[in-house]
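Chemist: Please see the structure below; I have some questions.
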Amino acid sequence: MILRRDRAMTAVLIMLDVAFHAGRSGTVSAADIAERSNLARRGIEPLLQALSRSGLLESIRGPRGGYRLGRPRRDISLVDIINAVTQDDQGGDDGPQGPLFTKVIEPSWKLFDKELTIQMKKTSLDDLVKKAESSGLKRPLSEPITFSI
């Protein structure tokens, strides 16, 4: 799993946004995720679909719909997220070749990848939410209940 920075990091950002802003029972719209992340909505839609297909996100239809976590955040590792959005990536033979690549770069890259994967398996979405909170980011308050007579 050599990380593709764009897809992998964006998927982790989407999942963190949902975990941080939706809380236990709320939902987050794709438009809100895109706005907070400064990304195009149509650019994150394929990632939202992949995350939903994998069961990491649950898509809720309707006027108050959006996305919420499909599992508890403590049960979702970074590797789960990255695998969900990179499983269709094909490692082709169109990359670098030659003895320096095959004897030095490629074995080193595999080692880095293995070490990174071990760390990412140990890191849950819950860990990232706690890190966001400890860095001073404030979670949104739930909407107040209003009554009209």
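Identifiers in this document derive from the order of the structure tokens: chains are assigned A, B, ..., residues are numbered from 1 separately in each chain, and ligands are numbered from 1 in order of occurrence.
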Report as JSON lines: every residue of range 40-138 of chain A with an atom at most 8 Å from range 5-9 of chain A, its closest pair of atoms, and their distance in Å to one decimal, counting only C-alpha atoms, with rows sorted by chain and ascending residue number.

Modeler:
{"residue": "A:Leu47", "atom": "CA", "partner": "A:Arg7", "partner_atom": "CA", "distance": 7.6}
{"residue": "A:Ile81", "atom": "CA", "partner": "A:Ala8", "partner_atom": "CA", "distance": 7.6}
{"residue": "A:Ile82", "atom": "CA", "partner": "A:Ala8", "partner_atom": "CA", "distance": 5.2}
{"residue": "A:Val85", "atom": "CA", "partner": "A:Ala8", "partner_atom": "CA", "distance": 6.8}
{"residue": "A:Thr86", "atom": "CA", "partner": "A:Ala8", "partner_atom": "CA", "distance": 7.3}

Chemist: Limited to C-alpha atoms, could you put the picked residues into a file as a PDB file, in the first residue's frame?

Modeler:
ATOM      1  CA  LEU A  47     -14.401   8.838  -2.065  1.00  0.00           C
ATOM      2  CA  ILE A  81      -9.916   3.974   5.496  1.00  0.00           C
ATOM      3  CA  ILE A  82      -6.995   3.877   3.075  1.00  0.00           C
ATOM      4  CA  VAL A  85     -10.317   4.074  -1.275  1.00  0.00           C
ATOM      5  CA  THR A  86      -7.192   2.507  -2.789  1.00  0.00           C
TER       6      THR A  86
END

Chemist: Against range 20-38 of chain A, which residues of range 52-117 of chain A fall within 6 Å? For each one I want the closest pair of atoms and the distance in Å (one decimal), counting only C-alpha atoms, rows by chain and increasing residue number, as JSON lines.

Modeler:
{"residue": "A:Gly66", "atom": "CA", "partner": "A:Ser29", "partner_atom": "CA", "distance": 4.3}
{"residue": "A:Tyr67", "atom": "CA", "partner": "A:Thr27", "partner_atom": "CA", "distance": 5.0}
{"residue": "A:Arg68", "atom": "CA", "partner": "A:Thr27", "partner_atom": "CA", "distance": 5.0}

Chemist: Could you write out that same residue set with all heavy atoms as a CSV table (one decimal), in the first residue's frame?

Modeler:
chain,number,residue,atom,x,y,z
A,66,GLY,N,-27.3,12.9,5.0
A,66,GLY,CA,-25.9,13.1,4.9
A,66,GLY,C,-25.2,11.8,5.1
A,66,GLY,O,-25.6,10.8,4.8
A,67,TYR,N,-24.0,12.0,5.8
A,67,TYR,CA,-23.2,10.8,6.1
A,67,TYR,C,-23.0,10.7,7.6
A,67,TYR,O,-22.8,11.7,8.3
A,67,TYR,CB,-21.9,10.9,5.4
A,67,TYR,CG,-22.0,10.8,3.9
A,67,TYR,CD1,-22.2,12.0,3.1
A,67,TYR,CD2,-22.0,9.6,3.2
A,67,TYR,CE1,-22.4,11.9,1.7
A,67,TYR,CE2,-22.2,9.5,1.9
A,67,TYR,CZ,-22.3,10.7,1.1
A,67,TYR,OH,-22.5,10.6,-0.2
A,68,ARG,N,-22.9,9.5,8.1
A,68,ARG,CA,-22.5,9.3,9.5
A,68,ARG,C,-21.6,8.0,9.5
A,68,ARG,O,-21.6,7.3,8.5
A,68,ARG,CB,-23.7,9.1,10.4
A,68,ARG,CG,-24.5,7.9,10.1
A,68,ARG,CD,-25.7,7.8,11.1
A,68,ARG,NE,-26.6,6.8,10.8
A,68,ARG,CZ,-27.8,6.8,11.1
A,68,ARG,NH1,-28.4,7.8,11.7
A,68,ARG,NH2,-28.6,5.8,10.7

Chemist: Could you pull out all residues of range 73-146 of chain A with a DSSP call of alpha helix (DSSP H) and give them as a VMD selection string?

Modeler: chain A and resid 78 to 86 99 to 100 106 to 122 125 to 134

Chemist: So that I can see what lies close to Ile14 in chain A, please list as a list in words the residues with an atom at most 8 Å from it, counting only C-alpha atoms and leaving out residues fewer than 3 positions away in the same chain.

Modeler: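 My list of contacting residues is Thr10, Ala11, Asp17, Val18, Ile33 and Leu48 of chain A.
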
Chemist: List every residue of chain A that DSSP, applied to the backbone, labels as strand (DSSP E), and write the result as a PyMOL selection string.

Modeler: chain A and resi 57-60+66-69

Chemist: Could you list, as a short mmCIF file (atom, residue, chain, number, x, y, z; two decimals) with N, CA, C and O atoms, in the first residue's frame, every residue within 12 Å of range 111-118 of chain A, counting only C-alpha atoms and ignoring same-chain residues fewer than 2 positions away?

Modeler:
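Final output, saved to out-v7.cif:
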data_model
loop_
_atom_site.label_atom_id
_atom_site.label_comp_id
_atom_site.auth_asym_id
_atom_site.auth_seq_id
_atom_site.Cartn_x
_atom_site.Cartn_y
_atom_site.Cartn_z
N MET A 1 0.85 -1.18 0.00
CA MET A 1 0.00 0.00 0.00
C MET A 1 0.89 1.24 0.00
O MET A 1 1.12 1.84 1.03
N ILE A 2 1.45 1.58 -1.11
CA ILE A 2 2.18 2.84 -1.19
C ILE A 2 1.12 3.93 -1.30
O ILE A 2 0.31 3.93 -2.21
N LEU A 3 1.13 4.80 -0.33
CA LEU A 3 0.07 5.79 -0.23
C LEU A 3 0.06 6.76 -1.40
O LEU A 3 1.07 7.32 -1.76
N ARG A 4 -1.11 6.90 -1.94
CA ARG A 4 -1.32 7.99 -2.88
C ARG A 4 -1.82 9.13 -2.01
O ARG A 4 -2.93 9.09 -1.48
N SER A 77 -9.61 1.93 11.79
CA SER A 77 -8.19 2.31 11.74
C SER A 77 -7.92 3.09 10.45
O SER A 77 -8.70 3.04 9.49
N LEU A 78 -6.79 3.77 10.43
CA LEU A 78 -6.41 4.50 9.23
C LEU A 78 -6.20 3.55 8.06
O LEU A 78 -6.52 3.88 6.92
N VAL A 79 -5.71 2.35 8.33
CA VAL A 79 -5.53 1.36 7.26
C VAL A 79 -6.88 0.97 6.66
O VAL A 79 -7.00 0.82 5.44
N ASP A 80 -7.92 0.84 7.49
CA ASP A 80 -9.26 0.54 6.98
C ASP A 80 -9.71 1.60 5.99
O ASP A 80 -10.25 1.28 4.92
N ILE A 81 -9.50 2.86 6.34
CA ILE A 81 -9.92 3.97 5.50
C ILE A 81 -9.15 3.96 4.18
O ILE A 81 -9.72 4.05 3.09
N ILE A 82 -7.84 3.83 4.27
CA ILE A 82 -7.00 3.88 3.08
C ILE A 82 -7.28 2.69 2.16
O ILE A 82 -7.38 2.85 0.94
N ASN A 83 -7.46 1.51 2.73
CA ASN A 83 -7.78 0.34 1.90
C ASN A 83 -9.10 0.52 1.17
O ASN A 83 -9.24 0.07 0.03
N VAL A 104 17.47 -1.12 -4.89
CA VAL A 104 17.61 -0.17 -3.78
C VAL A 104 16.28 0.48 -3.42
O VAL A 104 15.81 0.35 -2.29
N ILE A 105 15.68 1.19 -4.36
CA ILE A 105 14.47 1.97 -4.07
C ILE A 105 13.29 1.05 -3.71
O ILE A 105 12.66 1.25 -2.67
N GLU A 106 13.00 0.08 -4.54
CA GLU A 106 11.83 -0.77 -4.31
C GLU A 106 11.89 -1.53 -2.98
O GLU A 106 10.92 -1.49 -2.21
N PRO A 107 13.00 -2.18 -2.63
CA PRO A 107 13.05 -2.84 -1.31
C PRO A 107 12.94 -1.86 -0.15
O PRO A 107 12.29 -2.15 0.86
N SER A 108 13.53 -0.69 -0.29
CA SER A 108 13.43 0.33 0.77
C SER A 108 11.98 0.79 0.91
O SER A 108 11.48 0.94 2.02
N TRP A 109 11.34 1.01 -0.22
CA TRP A 109 9.95 1.48 -0.20
C TRP A 109 9.04 0.46 0.46
O TRP A 109 8.15 0.81 1.23
N MET A 120 -0.23 2.77 11.21
CA MET A 120 -1.58 3.19 10.83
C MET A 120 -2.64 2.20 11.31
O MET A 120 -3.78 2.58 11.54
N LYS A 121 -2.27 0.93 11.46
CA LYS A 121 -3.21 -0.05 12.02
C LYS A 121 -3.47 0.24 13.49
O LYS A 121 -4.54 -0.03 14.01
N LYS A 122 -2.49 0.81 14.17
CA LYS A 122 -2.61 1.13 15.59
C LYS A 122 -3.37 2.43 15.84
O LYS A 122 -3.77 2.72 16.96
N THR A 123 -3.54 3.23 14.80
CA THR A 123 -4.17 4.55 14.94
C THR A 123 -5.63 4.47 14.49
O THR A 123 -5.91 4.13 13.35
#

Chemist: Got a sec: who's within 6 Å of range 70-73 of chain A, counting only C-alpha atoms, leaving out chain neighbours fewer than 4 positions off, as an MDAnalysis selection string?

Modeler: chainID A and resid 55:58 125:126

Chemist: Please produce a file of the residues just selected, as a PDB file, in the first residue's frame, where the atoms kept are all heavy atoms.

Modeler:
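Done, and the output landed in again27.pdb:
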ATOM      1  N   GLY A  55     -18.652   0.227   4.072  1.00  0.00           N
ATOM      2  CA  GLY A  55     -19.322   0.171   5.366  1.00  0.00           C
ATOM      3  C   GLY A  55     -18.736   1.107   6.408  1.00  0.00           C
ATOM      4  O   GLY A  55     -19.208   1.148   7.537  1.00  0.00           O
ATOM      5  N   LEU A  56     -17.714   1.873   6.030  1.00  0.00           N
ATOM      6  CA  LEU A  56     -17.122   2.819   6.983  1.00  0.00           C
ATOM      7  C   LEU A  56     -18.026   4.032   7.187  1.00  0.00           C
ATOM      8  O   LEU A  56     -18.042   4.624   8.265  1.00  0.00           O
ATOM      9  CB  LEU A  56     -15.743   3.255   6.514  1.00  0.00           C
ATOM     10  CG  LEU A  56     -14.690   2.143   6.455  1.00  0.00           C
ATOM     11  CD1 LEU A  56     -13.385   2.675   5.888  1.00  0.00           C
ATOM     12  CD2 LEU A  56     -14.476   1.531   7.825  1.00  0.00           C
ATOM     13  N   LEU A  57     -18.743   4.414   6.147  1.00  0.00           N
ATOM     14  CA  LEU A  57     -19.734   5.486   6.231  1.00  0.00           C
ATOM     15  C   LEU A  57     -21.092   4.908   5.913  1.00  0.00           C
ATOM     16  O   LEU A  57     -21.214   3.929   5.178  1.00  0.00           O
ATOM     17  CB  LEU A  57     -19.438   6.603   5.219  1.00  0.00           C
ATOM     18  CG  LEU A  57     -18.329   7.576   5.522  1.00  0.00           C
ATOM     19  CD1 LEU A  57     -18.240   8.628   4.407  1.00  0.00           C
ATOM     20  CD2 LEU A  57     -18.511   8.255   6.855  1.00  0.00           C
ATOM     21  N   GLU A  58     -22.106   5.553   6.462  1.00  0.00           N
ATOM     22  CA  GLU A  58     -23.482   5.211   6.148  1.00  0.00           C
ATOM     23  C   GLU A  58     -24.118   6.437   5.515  1.00  0.00           C
ATOM     24  O   GLU A  58     -24.016   7.540   6.055  1.00  0.00           O
ATOM     25  CB  GLU A  58     -24.217   4.834   7.438  1.00  0.00           C
ATOM     26  CG  GLU A  58     -25.598   4.324   7.220  1.00  0.00           C
ATOM     27  CD  GLU A  58     -26.264   3.921   8.524  1.00  0.00           C
ATOM     28  OE1 GLU A  58     -25.562   3.745   9.534  1.00  0.00           O
ATOM     29  OE2 GLU A  58     -27.503   3.814   8.530  1.00  0.00           O
ATOM     30  N   LEU A 125      -9.657   6.217  14.249  1.00  0.00           N
ATOM     31  CA  LEU A 125     -10.328   7.488  14.018  1.00  0.00           C
ATOM     32  C   LEU A 125     -10.582   8.189  15.347  1.00  0.00           C
ATOM     33  O   LEU A 125     -10.502   9.415  15.439  1.00  0.00           O
ATOM     34  CB  LEU A 125     -11.630   7.220  13.269  1.00  0.00           C
ATOM     35  CG  LEU A 125     -12.304   8.366  12.554  1.00  0.00           C
ATOM     36  CD1 LEU A 125     -11.358   9.091  11.625  1.00  0.00           C
ATOM     37  CD2 LEU A 125     -13.512   7.868  11.792  1.00  0.00           C
ATOM     38  N   ASP A 126     -10.837   7.421  16.388  1.00  0.00           N
ATOM     39  CA  ASP A 126     -11.023   7.979  17.722  1.00  0.00           C
ATOM     40  C   ASP A 126      -9.763   8.717  18.185  1.00  0.00           C
ATOM     41  O   ASP A 126      -9.856   9.786  18.779  1.00  0.00           O
ATOM     42  CB  ASP A 126     -11.397   6.871  18.702  1.00  0.00           C
ATOM     43  CG  ASP A 126     -11.859   7.399  20.038  1.00  0.00           C
ATOM     44  OD1 ASP A 126     -12.725   8.299  20.060  1.00  0.00           O
ATOM     45  OD2 ASP A 126     -11.356   6.922  21.063  1.00  0.00           O
TER      46      ASP A 126
END

Chemist: Calculate how many Å separate CA of Ser59 in chain A from CA of Glu133 in chain A, rounding to one decimal.

Modeler: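 Rounded to one decimal, the two atoms are 25.3 Å apart.
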